[in-house]
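Text of data_20.cif, listed as mmCIF, C-alpha atoms and all ligand atoms:
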data_data
#
loop_
_atom_site.label_atom_id
_atom_site.label_comp_id
_atom_site.auth_asym_id
_atom_site.auth_seq_id
_atom_site.Cartn_x
_atom_site.Cartn_y
_atom_site.Cartn_z
CA MET D 192 -24.27 29.59 30.13
CA LYS D 193 -22.26 31.64 27.68
CA GLU D 194 -21.05 34.97 29.04
CA ARG D 195 -22.49 36.94 26.13
CA LEU D 196 -26.00 36.07 27.36
CA LEU D 197 -25.44 38.69 30.12
CA ASP D 198 -26.11 41.44 27.54
CA LEU D 199 -29.65 40.12 27.05
CA LEU D 200 -30.57 39.43 30.68
CA ALA D 201 -32.52 41.71 33.01
CA CYS D 202 -33.70 41.10 36.56
CA PRO D 203 -37.22 39.56 36.45
CA THR D 204 -38.08 41.40 39.66
CA CYS D 205 -36.82 44.95 39.09
CA GLY D 206 -35.57 45.02 35.47
CA GLY D 207 -32.00 45.87 36.53
CA ASP D 208 -28.89 44.67 34.70
CA ILE D 209 -27.59 41.24 35.55
CA LEU D 210 -23.94 40.70 36.41
CA LEU D 211 -21.92 37.56 36.88
CA ALA D 212 -21.07 37.53 40.58
CA TYR D 213 -18.84 34.50 40.29
CA ALA D 214 -18.36 31.31 38.33
CA SER D 215 -17.15 28.23 40.13
CA ALA D 216 -17.03 25.82 37.19
CA TYR D 217 -16.38 26.28 33.50
CA GLU D 218 -16.48 23.69 30.71
CA ASP D 219 -15.06 25.04 27.48
CA LYS D 220 -16.69 28.46 27.30
CA GLU D 221 -19.79 27.50 29.28
CA ILE D 222 -20.24 28.66 32.85
CA MET D 223 -21.54 25.45 34.42
CA GLU D 224 -21.95 26.61 38.03
CA GLY D 225 -22.09 30.13 39.34
CA VAL D 226 -24.16 33.01 40.65
CA LEU D 227 -25.71 35.96 38.85
CA THR D 228 -26.68 39.10 40.65
CA CYS D 229 -28.90 42.07 39.91
CA LYS D 230 -26.97 45.34 39.82
CA LYS D 231 -29.99 47.25 41.12
CA CYS D 232 -31.75 45.11 43.73
CA THR D 233 -28.86 42.69 44.46
CA ARG D 234 -31.07 39.60 44.17
CA GLU D 235 -29.11 36.48 43.27
CA TYR D 236 -29.87 33.82 40.70
CA LYS D 237 -27.98 30.57 40.33
CA ILE D 238 -26.39 28.97 37.31
CA VAL D 239 -26.79 25.21 37.74
CA ARG D 240 -25.52 22.59 35.28
CA GLY D 241 -24.91 25.31 32.70
CA VAL D 242 -28.39 26.86 32.86
CA PRO D 243 -29.24 30.16 34.59
CA ARG D 244 -32.22 29.55 36.87
CA PHE D 245 -34.66 32.40 37.38
CA ALA D 246 -37.57 30.24 38.48
CA ASP D 247 -37.86 28.11 41.52
CA LEU D 248 -40.47 25.48 40.70
CA GLY D 249 -41.27 25.21 44.39
CA LYS D 250 -42.40 28.83 44.37
CA VAL D 251 -44.31 29.24 41.12
CA GLU D 252 -48.03 28.74 41.30
CA GLU D 253 -49.09 25.16 41.51
CA ASP D 254 -50.73 24.68 38.09
CA LYS D 255 -47.85 26.29 36.20
CA ALA D 256 -45.42 24.07 38.05
CA ALA D 257 -47.55 21.01 37.32
CA THR D 258 -47.61 21.79 33.59
CA ALA D 259 -43.87 22.42 33.47
CA GLY D 260 -43.19 19.31 35.55
CA ASN D 261 -45.33 17.08 33.36
CA PHE D 262 -43.88 18.43 30.13
CA GLY D 263 -40.41 18.29 31.61
CA TRP D 264 -40.78 14.56 32.07
CA GLN D 265 -42.07 14.22 28.53
CA TRP D 266 -39.20 16.19 27.04
CA THR D 267 -36.55 14.19 28.80
CA ASN D 268 -38.18 10.98 27.56
CA PHE D 269 -39.02 11.88 23.99
CA THR D 270 -35.71 12.83 22.48
CA GLN D 271 -36.10 11.59 18.93
CA GLU D 272 -34.99 13.92 16.19
CA ASP D 273 -36.51 14.10 12.78
CA LEU D 274 -35.81 16.17 9.71
CA ARG D 275 -39.53 16.58 9.22
CA TYR D 276 -39.49 18.76 12.32
CA GLU D 277 -38.09 21.52 10.10
CA ASP D 278 -41.15 21.47 7.84
CA GLN D 279 -43.41 21.09 10.83
CA LEU D 280 -41.91 24.15 12.51
CA LEU D 281 -42.11 26.20 9.31
CA GLY D 282 -45.78 25.18 9.07
CA TRP D 283 -46.41 26.63 12.54
CA LEU D 284 -44.36 29.76 11.85
CA GLN D 285 -45.80 30.49 8.41
CA PRO D 286 -45.12 32.73 6.47
CA VAL D 287 -41.62 32.76 8.07
CA LYS D 288 -38.87 31.03 6.10
CA PRO D 289 -35.41 29.93 7.36
CA GLY D 290 -33.71 33.02 5.85
CA PHE D 291 -35.85 35.22 8.12
CA PHE D 292 -33.74 34.17 11.13
CA GLU D 293 -30.48 35.42 9.60
CA GLY D 294 -28.64 37.82 11.93
CA LYS D 295 -31.61 38.27 14.29
CA PHE D 296 -31.86 38.17 18.07
CA VAL D 297 -34.50 35.50 18.58
CA LEU D 298 -36.50 34.45 21.63
CA GLU D 299 -38.41 31.18 21.89
CA GLY D 300 -41.12 31.16 24.56
CA GLY D 301 -41.30 27.57 25.84
CA CYS D 302 -38.43 25.70 24.23
CA GLY D 303 -39.10 22.24 25.68
CA LYS D 304 -36.14 20.05 24.83
CA GLY D 305 -34.80 22.70 22.46
CA ARG D 306 -35.47 21.24 19.03
CA HIS D 307 -36.86 24.52 17.64
CA THR D 308 -34.24 26.63 19.41
CA LYS D 309 -31.64 24.53 17.64
CA LEU D 310 -33.29 25.05 14.26
CA ALA D 311 -33.45 28.83 14.80
CA ALA D 312 -29.71 28.78 15.51
CA LYS D 313 -29.04 26.58 12.50
CA TRP D 314 -31.00 29.00 10.31
CA GLY D 315 -28.58 31.78 11.21
CA ALA D 316 -29.99 33.64 14.21
CA LYS D 317 -27.34 35.92 15.72
CA ASP D 318 -28.36 34.73 19.17
CA VAL D 319 -31.35 32.63 20.16
CA VAL D 320 -32.61 32.38 23.71
CA GLY D 321 -34.84 29.40 24.53
CA ILE D 322 -36.71 29.73 27.78
CA ASP D 323 -38.69 27.10 29.66
CA LEU D 324 -40.06 26.63 33.14
CA GLY D 325 -39.59 22.88 33.41
CA ASP D 326 -36.89 20.22 33.32
CA GLY D 327 -36.92 20.39 29.52
CA VAL D 328 -34.08 22.88 29.95
CA GLU D 329 -31.71 20.00 30.82
CA PRO D 330 -32.00 18.14 27.48
CA ALA D 331 -32.34 21.52 25.70
CA PHE D 332 -29.00 22.60 27.11
CA ALA D 333 -27.39 19.27 26.20
CA LEU D 334 -28.79 19.48 22.66
CA THR D 335 -27.57 23.01 21.97
CA ARG D 336 -24.46 23.63 24.07
CA ASP D 337 -22.14 23.16 21.11
CA MET D 338 -23.82 25.98 19.22
CA PRO D 339 -22.19 29.34 20.05
CA ASN D 340 -25.41 31.29 19.35
CA VAL D 341 -27.82 29.35 21.63
CA HIS D 342 -28.74 30.18 25.23
CA ILE D 343 -31.10 28.16 27.42
CA VAL D 344 -32.70 29.88 30.40
CA GLN D 345 -35.03 28.42 33.03
CA CYS D 346 -37.71 30.96 33.87
CA ASP D 347 -41.40 31.77 33.95
CA ILE D 348 -42.81 33.13 30.67
CA PHE D 349 -44.79 35.66 32.73
CA LYS D 350 -41.60 36.99 34.39
CA LEU D 351 -39.01 36.90 31.65
CA PRO D 352 -35.51 37.79 32.89
CA LEU D 353 -34.75 39.50 29.59
CA LYS D 354 -34.31 42.94 28.10
CA ARG D 355 -36.52 44.22 25.33
CA ALA D 356 -33.77 43.30 22.91
CA PHE D 357 -35.22 40.82 20.44
CA ASP D 358 -35.94 41.12 16.71
CA TYR D 359 -38.23 38.13 16.71
CA ALA D 360 -40.05 36.06 19.31
CA PHE D 361 -41.94 32.86 18.63
CA SER D 362 -43.89 30.35 20.64
CA VAL D 363 -45.33 27.13 19.29
CA GLY D 364 -47.72 24.94 21.23
CA VAL D 365 -46.96 26.53 24.58
CA LEU D 366 -49.16 29.57 25.26
CA HIS D 367 -52.36 27.49 25.43
CA HIS D 368 -50.80 25.36 28.18
CA THR D 369 -50.24 28.34 30.48
CA PRO D 370 -52.94 29.47 32.93
CA ASN D 371 -53.30 32.73 30.97
CA PRO D 372 -52.48 32.31 27.25
CA LYS D 373 -53.03 35.96 26.35
CA GLY D 374 -50.93 37.14 29.29
CA ALA D 375 -48.09 34.85 28.20
CA PHE D 376 -48.35 36.18 24.64
CA LEU D 377 -48.21 39.81 25.85
CA SER D 378 -45.22 39.04 28.06
CA LEU D 379 -43.36 37.43 25.15
CA ALA D 380 -44.23 40.22 22.69
CA GLY D 381 -43.07 42.74 25.32
CA LYS D 382 -39.47 41.59 24.80
CA VAL D 383 -39.50 42.41 21.08
CA LYS D 384 -37.98 45.69 19.89
CA LYS D 385 -39.98 48.19 17.82
CA ASP D 386 -40.63 46.88 14.31
CA GLY D 387 -39.65 43.37 15.38
CA HIS D 388 -41.87 40.36 14.71
CA VAL D 389 -43.80 37.77 16.69
CA SER D 390 -45.10 34.31 15.75
CA ALA D 391 -47.49 32.24 17.83
CA TRP D 392 -49.19 28.92 17.23
CA VAL D 393 -52.09 27.88 19.44
CA TYR D 394 -54.80 25.20 19.52
CA GLY D 395 -57.97 26.50 17.90
CA ALA D 396 -61.39 26.27 19.53
CA GLU D 397 -62.98 25.75 16.12
CA ASN D 398 -63.13 22.13 14.96
CA ASN D 399 -61.79 20.94 18.32
CA GLU D 400 -65.14 20.78 20.08
CA TRP D 401 -64.73 16.97 20.25
CA ILE D 402 -61.53 17.42 22.29
CA THR D 403 -63.09 19.90 24.69
CA LYS D 404 -66.08 17.61 25.02
CA TYR D 405 -64.51 14.14 25.23
CA VAL D 406 -60.75 14.42 25.81
CA ASN D 407 -60.62 17.30 28.30
CA PRO D 408 -62.74 15.60 30.99
CA VAL D 409 -60.51 12.51 30.80
CA ARG D 410 -57.40 14.66 30.96
CA ASN D 411 -58.60 16.90 33.77
CA GLY D 412 -60.09 14.14 35.87
CA PHE D 413 -57.63 11.36 35.31
CA THR D 414 -54.63 11.36 32.97
CA SER D 415 -53.02 14.61 34.16
CA GLN D 416 -53.27 13.30 37.73
CA ILE D 417 -51.57 9.91 37.38
CA SER D 418 -47.81 9.37 37.33
CA GLN D 419 -45.99 10.20 34.10
CA PRO D 420 -44.41 6.76 33.64
CA ALA D 421 -47.86 5.15 34.12
CA LEU D 422 -49.43 7.50 31.59
CA TYR D 423 -46.54 6.84 29.21
CA GLN D 424 -47.48 3.16 29.18
CA LEU D 425 -51.24 3.70 29.26
CA SER D 426 -51.15 6.19 26.37
CA LYS D 427 -49.76 3.51 24.06
CA LEU D 428 -53.27 2.07 23.75
CA PRO D 429 -54.97 5.14 22.21
CA THR D 430 -51.73 5.74 20.25
CA LEU D 431 -52.12 2.32 18.64
CA GLY D 432 -55.63 3.21 17.48
CA LEU D 433 -54.44 6.55 16.13
CA PHE D 434 -51.34 5.08 14.47
CA LEU D 435 -53.28 2.32 12.72
CA SER D 436 -55.91 4.72 11.44
CA THR D 437 -53.44 7.27 10.04
CA LYS D 438 -51.31 4.53 8.41
CA LEU D 439 -54.02 2.14 7.24
CA VAL D 440 -56.88 4.52 6.52
CA TYR D 441 -55.88 8.19 6.15
CA ARG D 442 -52.66 7.82 4.12
CA PRO D 443 -54.03 5.20 1.66
CA VAL D 444 -57.39 6.94 1.16
CA ASN D 445 -55.67 10.29 0.60
CA SER D 446 -53.37 8.79 -2.00
CA VAL D 447 -56.30 7.22 -3.85
CA SER D 448 -58.96 9.90 -3.69
CA ARG D 449 -58.76 13.39 -2.21
CA PRO D 450 -62.54 14.00 -2.56
CA ILE D 451 -63.35 10.88 -0.52
CA ALA D 452 -60.54 11.59 1.94
CA SER D 453 -61.83 15.11 2.53
CA LYS D 454 -64.98 13.57 4.02
CA LEU D 455 -62.99 11.70 6.68
CA PHE D 456 -63.08 13.00 10.23
CA TYR D 457 -60.21 15.47 10.87
CA ASN D 458 -58.62 14.51 7.55
CA ASP D 459 -56.09 17.31 7.02
CA TYR D 460 -54.49 16.82 10.39
CA LEU D 461 -54.57 13.01 10.51
CA ASN D 462 -53.28 12.67 6.96
CA HIS D 463 -50.39 14.99 7.86
CA LEU D 464 -49.75 13.06 11.07
CA GLY D 465 -49.60 9.86 9.02
CA THR D 466 -46.27 11.00 7.54
CA PHE D 467 -44.70 10.61 10.99
CA GLY D 468 -43.68 7.47 12.84
CA TRP D 469 -44.88 5.80 16.03
CA ARG D 470 -42.90 8.03 18.40
CA GLU D 471 -44.48 11.22 17.09
CA HIS D 472 -47.96 9.69 17.35
CA HIS D 473 -47.24 8.62 20.91
CA ASN D 474 -45.79 12.03 21.70
CA ILE D 475 -48.95 13.78 20.50
CA VAL D 476 -51.35 11.49 22.36
CA PHE D 477 -49.27 11.87 25.50
CA ASP D 478 -49.21 15.64 25.01
CA HIS D 479 -52.99 15.83 24.87
CA LEU D 480 -53.42 13.67 27.95
CA VAL D 481 -50.67 15.00 30.20
CA ALA D 482 -51.23 18.75 30.41
CA PRO D 483 -53.12 19.92 33.48
CA THR D 484 -53.93 23.12 31.55
CA ALA D 485 -55.02 23.38 27.91
CA PHE D 486 -57.03 26.16 26.32
CA TYR D 487 -58.56 26.05 22.86
CA ILE D 488 -58.54 29.58 21.45
CA PRO D 489 -61.29 30.96 19.17
CA LYS D 490 -60.09 32.98 16.18
CA ALA D 491 -61.73 36.22 17.38
CA GLU D 492 -59.93 35.93 20.70
CA PHE D 493 -56.60 35.20 18.99
CA GLU D 494 -57.03 38.25 16.74
CA GLN D 495 -57.64 40.34 19.85
CA TRP D 496 -54.19 39.42 21.21
CA TRP D 497 -52.56 40.95 18.13
CA SER D 498 -54.56 44.17 18.37
CA GLU D 499 -53.57 44.51 22.02
CA VAL D 500 -49.90 44.68 21.07
CA ASN D 501 -50.75 47.03 18.17
CA ALA D 502 -49.34 44.55 15.70
CA THR D 503 -49.38 45.45 12.01
CA GLU D 504 -49.20 43.30 8.88
CA VAL D 505 -50.82 40.52 10.90
CA GLU D 506 -51.33 37.20 9.15
CA ILE D 507 -53.56 34.66 10.87
CA THR D 508 -53.61 31.21 9.28
CA TRP D 509 -55.87 28.23 9.96
CA HIS D 510 -53.42 25.35 10.28
CA ASN D 511 -54.42 21.72 9.65
CA LYS D 512 -57.99 22.85 10.34
CA ASN D 513 -57.38 22.60 14.08
CA SER D 514 -55.12 25.46 15.15
CA TRP D 515 -54.16 29.09 14.58
CA CYS D 516 -50.83 30.46 13.40
CA GLY D 517 -50.25 34.16 13.86
CA PHE D 518 -47.45 36.39 12.59
CA GLY D 519 -47.16 40.13 12.88
CA LYS D 520 -44.96 43.18 13.31
CA VAL D 521 -45.04 44.73 16.78
ZN ZN D 601 -33.29 43.30 40.48
#
Since I need it in another form, could you write the structure as structure tokens?
Ligand SMILES: [Zn+2]
Amino acid sequence: MKERLLDLLACPTCGGDILLAYASAYEDKEIMEGVLTCKKCTREYKIVRGVPRFADLGKVEEDKAATAGNFGWQWTNFTQEDLRYEDQLLGWLQPVKPGFFEGKFVLEGGCGKGRHTKLAAKWGAKDVVGIDLGDGVEPAFALTRDMPNVHIVQCDIFKLPLKRAFDYAFSVGVLHHTPNPKGAFLSLAGKVKKDGHVSAWVYGAENNEWITKYVNPVRNGFTSQISQPALYQLSKLPTLGLFLSTKLVYRPVNSVSRPIASKLFYNDYLNHLGTFGWREHHNIVFDHLVAPTAFYIPKAEFEQWWSEVNATEVEITWHNKNSWCGFGKV
């Protein structure tokens, strides 16, 4: 933890300022082990292996902990990096461009292993805070510790230990995996200063009826219950089917004839996915099978979230015909 993060922290229980009580181990400028304390209520929070810990997974509600635990395993086992992630992230954040990050205080709600947090920092954010509930914070910290403007915090998105001090908050692919997607969105937007901006990307209900009908029962009843290493192996089978169809059907047909391709099932998304390699395919299949909680959000409901935070200049985009991107001023 870098000491300058203290300026952005607030007690998740009472909102008081957070002080560094003591640090018992430093590495370079990172506080690796130590204790933080709330000036107002005197509660203490630990810094462990360089990451301030505001959530005790043993104490958060069971389903939230299960989601974070499952994704935590995934994020420590899928650590491939890919330049295409930049384009992918910009697709989810549209109409935001890299220059938008310049000089801003940025918050990422649900940073996983930190690949987007790192991009935000690379694109010139003054400071970027990536928060996550699960073990993803370990690889996220390792990935970003060399960057002076990145901070990784382990906490619950519903109880953010942060001041309302951010110019921009974004969350991609995370809100729909919480037990209350709208509540998580409101919590995140609540940390953005007046006239700041928010981006969110969520699974859409529209066009995903086949997932809610066929994939969800399998996930709820079976794949989110078995061990992660077992699912990792098992999920290679559906991944193989997906991989072969994007590579041998979707990519070739799209390069030959767009009109014919447009008649294929789920073409926009699967053609796009076909530009990625095996690991990304496997990652996505695993993602859909592992989460104990996944909501598919209808457009009308998503629009409602933005009106609840009185957002202006809202842009809602239908992404890959299976999800919603939102951007607005709050
Ligand atoms: Zn407090």
* In Å, with one decimal, what is the gap from CA of Glu224 in chain D to CA of Phe349 in chain D? ->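 The value is 25.1 Å.
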If you take all atoms listed in the file and a cut-off of 10 Å, which residues of chain D touch ligand ZN 601 (chain D), and what are their nearest atom pairs and distances in Å to one decimal, in chain and number order, as JSON lines?
{"residue": "D:Ala201", "atom": "CA", "partner": "D:ZN601", "partner_atom": "ZN", "distance": 7.7}
{"residue": "D:Cys202", "atom": "CA", "partner": "D:ZN601", "partner_atom": "ZN", "distance": 4.5}
{"residue": "D:Pro203", "atom": "CA", "partner": "D:ZN601", "partner_atom": "ZN", "distance": 6.8}
{"residue": "D:Thr204", "atom": "CA", "partner": "D:ZN601", "partner_atom": "ZN", "distance": 5.2}
{"residue": "D:Cys205", "atom": "CA", "partner": "D:ZN601", "partner_atom": "ZN", "distance": 4.1}
{"residue": "D:Gly206", "atom": "CA", "partner": "D:ZN601", "partner_atom": "ZN", "distance": 5.8}
{"residue": "D:Gly207", "atom": "CA", "partner": "D:ZN601", "partner_atom": "ZN", "distance": 4.9}
{"residue": "D:Asp208", "atom": "CA", "partner": "D:ZN601", "partner_atom": "ZN", "distance": 7.4}
{"residue": "D:Ile209", "atom": "CA", "partner": "D:ZN601", "partner_atom": "ZN", "distance": 7.8}
{"residue": "D:Thr228", "atom": "CA", "partner": "D:ZN601", "partner_atom": "ZN", "distance": 7.8}
{"residue": "D:Cys229", "atom": "CA", "partner": "D:ZN601", "partner_atom": "ZN", "distance": 4.6}
{"residue": "D:Lys230", "atom": "CA", "partner": "D:ZN601", "partner_atom": "ZN", "distance": 6.7}
{"residue": "D:Lys231", "atom": "CA", "partner": "D:ZN601", "partner_atom": "ZN", "distance": 5.2}
{"residue": "D:Cys232", "atom": "CA", "partner": "D:ZN601", "partner_atom": "ZN", "distance": 4.0}
{"residue": "D:Thr233", "atom": "CA", "partner": "D:ZN601", "partner_atom": "ZN", "distance": 6.0}
{"residue": "D:Arg234", "atom": "CA", "partner": "D:ZN601", "partner_atom": "ZN", "distance": 5.7}
{"residue": "D:Glu235", "atom": "CA", "partner": "D:ZN601", "partner_atom": "ZN", "distance": 8.5}
{"residue": "D:Pro352", "atom": "CA", "partner": "D:ZN601", "partner_atom": "ZN", "distance": 9.6}
Please list as a PDB file with C-alpha atoms, keeping the file's coordinate frame every residue within 12 Å of Lys427 in chain D, counting all atoms listed in the file and excluding residues in the same chain fewer than 3 positions away.
ATOM      1  CA  PRO D 420     -44.410   6.760  33.640  1.00  0.00           C
ATOM      2  CA  ALA D 421     -47.860   5.150  34.120  1.00  0.00           C
ATOM      3  CA  LEU D 422     -49.430   7.500  31.590  1.00  0.00           C
ATOM      4  CA  TYR D 423     -46.540   6.840  29.210  1.00  0.00           C
ATOM      5  CA  GLN D 424     -47.480   3.160  29.180  1.00  0.00           C
ATOM      6  CA  THR D 430     -51.730   5.740  20.250  1.00  0.00           C
ATOM      7  CA  LEU D 431     -52.120   2.320  18.640  1.00  0.00           C
ATOM      8  CA  GLY D 432     -55.630   3.210  17.480  1.00  0.00           C
ATOM      9  CA  LEU D 433     -54.440   6.550  16.130  1.00  0.00           C
ATOM     10  CA  PHE D 434     -51.340   5.080  14.470  1.00  0.00           C
ATOM     11  CA  LEU D 435     -53.280   2.320  12.720  1.00  0.00           C
ATOM     12  CA  TRP D 469     -44.880   5.800  16.030  1.00  0.00           C
ATOM     13  CA  ARG D 470     -42.900   8.030  18.400  1.00  0.00           C
ATOM     14  CA  GLU D 471     -44.480  11.220  17.090  1.00  0.00           C
ATOM     15  CA  HIS D 472     -47.960   9.690  17.350  1.00  0.00           C
ATOM     16  CA  HIS D 473     -47.240   8.620  20.910  1.00  0.00           C
ATOM     17  CA  ASN D 474     -45.790  12.030  21.700  1.00  0.00           C
ATOM     18  CA  ILE D 475     -48.950  13.780  20.500  1.00  0.00           C
ATOM     19  CA  VAL D 476     -51.350  11.490  22.360  1.00  0.00           C
ATOM     20  CA  PHE D 477     -49.270  11.870  25.500  1.00  0.00           C
ATOM     21  CA  LEU D 480     -53.420  13.670  27.950  1.00  0.00           C
TER      22      LEU D 480
END
* To do: Choose the residue, out of D:Leu324, D:Leu196, D:Ala485, D:Val393, that has the smallest atom-to-atom separation from Ser514 in chain D; count all atoms listed in the file.
  =>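 Checking each of D:Leu324, D:Leu196, D:Ala485, D:Val393 against Ser514 in chain D, counting all atoms listed in the file, the winner is D:Val393.
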* **Atom-to-atom span, CA of Asn511 in chain D and CA of Leu298 in chain D, Å** =>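 If I compute the distance from CA of Asn511 in chain D to CA of Leu298 in chain D, I get 25.0 Å.
With distances restricted to only C-alpha atoms, D:Glu293 is the closest residue to Lys317 in chain D from D:Glu329, D:Glu293, D:Asp337, D:Asp386.
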* Given the choices D:Tyr276, D:Arg410, D:Tyr359, D:Gly282, which gets closest to Ala316 in chain D if the distance is worked out from only C-alpha atoms? -> D:Tyr359
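Relative to CA of Asn340 in chain D, CA of Lys313 in chain D is found at 9.1 Å.
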Work out where the centre of an axis-aligned box around every listed atom of range 472-476 of chain D lies and how long its edges are once 3 Å is added on each side; give both in Å to one decimal as lines of an AutoDock Vina configuration file.
center_x = -48.6
center_y = 11.2
center_z = 19.9
size_x = 11.6
size_y = 11.2
size_z = 11.0
* Asked: Which one of D:Arg240, D:Ala360, D:Ala331, D:Asn501 sits closest to Ser215 in chain D if you count all atoms listed in the file?
  -> D:Arg240
* **Distance query range 446-459 of chain D at most 9 Å, all atoms listed in the file, self and fewer than 2 positions along chain excluded, as a ChimeraX atom specification** => /D:398,441-444,461-464,511-513
* Long-range neighbours of Val297 in chain D as a VMD selection string, 9 Å cut-off, all atoms listed in the file, 6 positions minimum in chain -> chain D and resid 308 311 to 312 316 to 321 356 to 361 383
* Asked: Around (-27.6, 36.6, 27.8) in the file's frame, which residues reach within 9 Å when counting all atoms listed in the file? Return as a ChimeraX atom specification?
  -> /D:192-201,318,320,342,344,353
* To do: Could you give me, as a ChimeraX atom specification, the residues within 7 Å of Ala396 in chain D, counting only C-alpha atoms and dropping anything in the same chain fewer than 3 positions from it?
  => /D:399-400,487-489
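For the residues D:Glu277, D:Leu284, D:Ser498, D:Gly387, ranking by smallest atom-to-atom distance to Trp314 in chain D using all atoms listed in the file places D:Glu277 first.
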* **Closest of D:Leu425, D:Val481, D:Ala391, D:Met223 to Glu494 in chain D - atom-to-atom distances counting all atoms listed in the file** =>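 Of the candidates, the smallest distance to Glu494 in chain D is held by D:Ala391.
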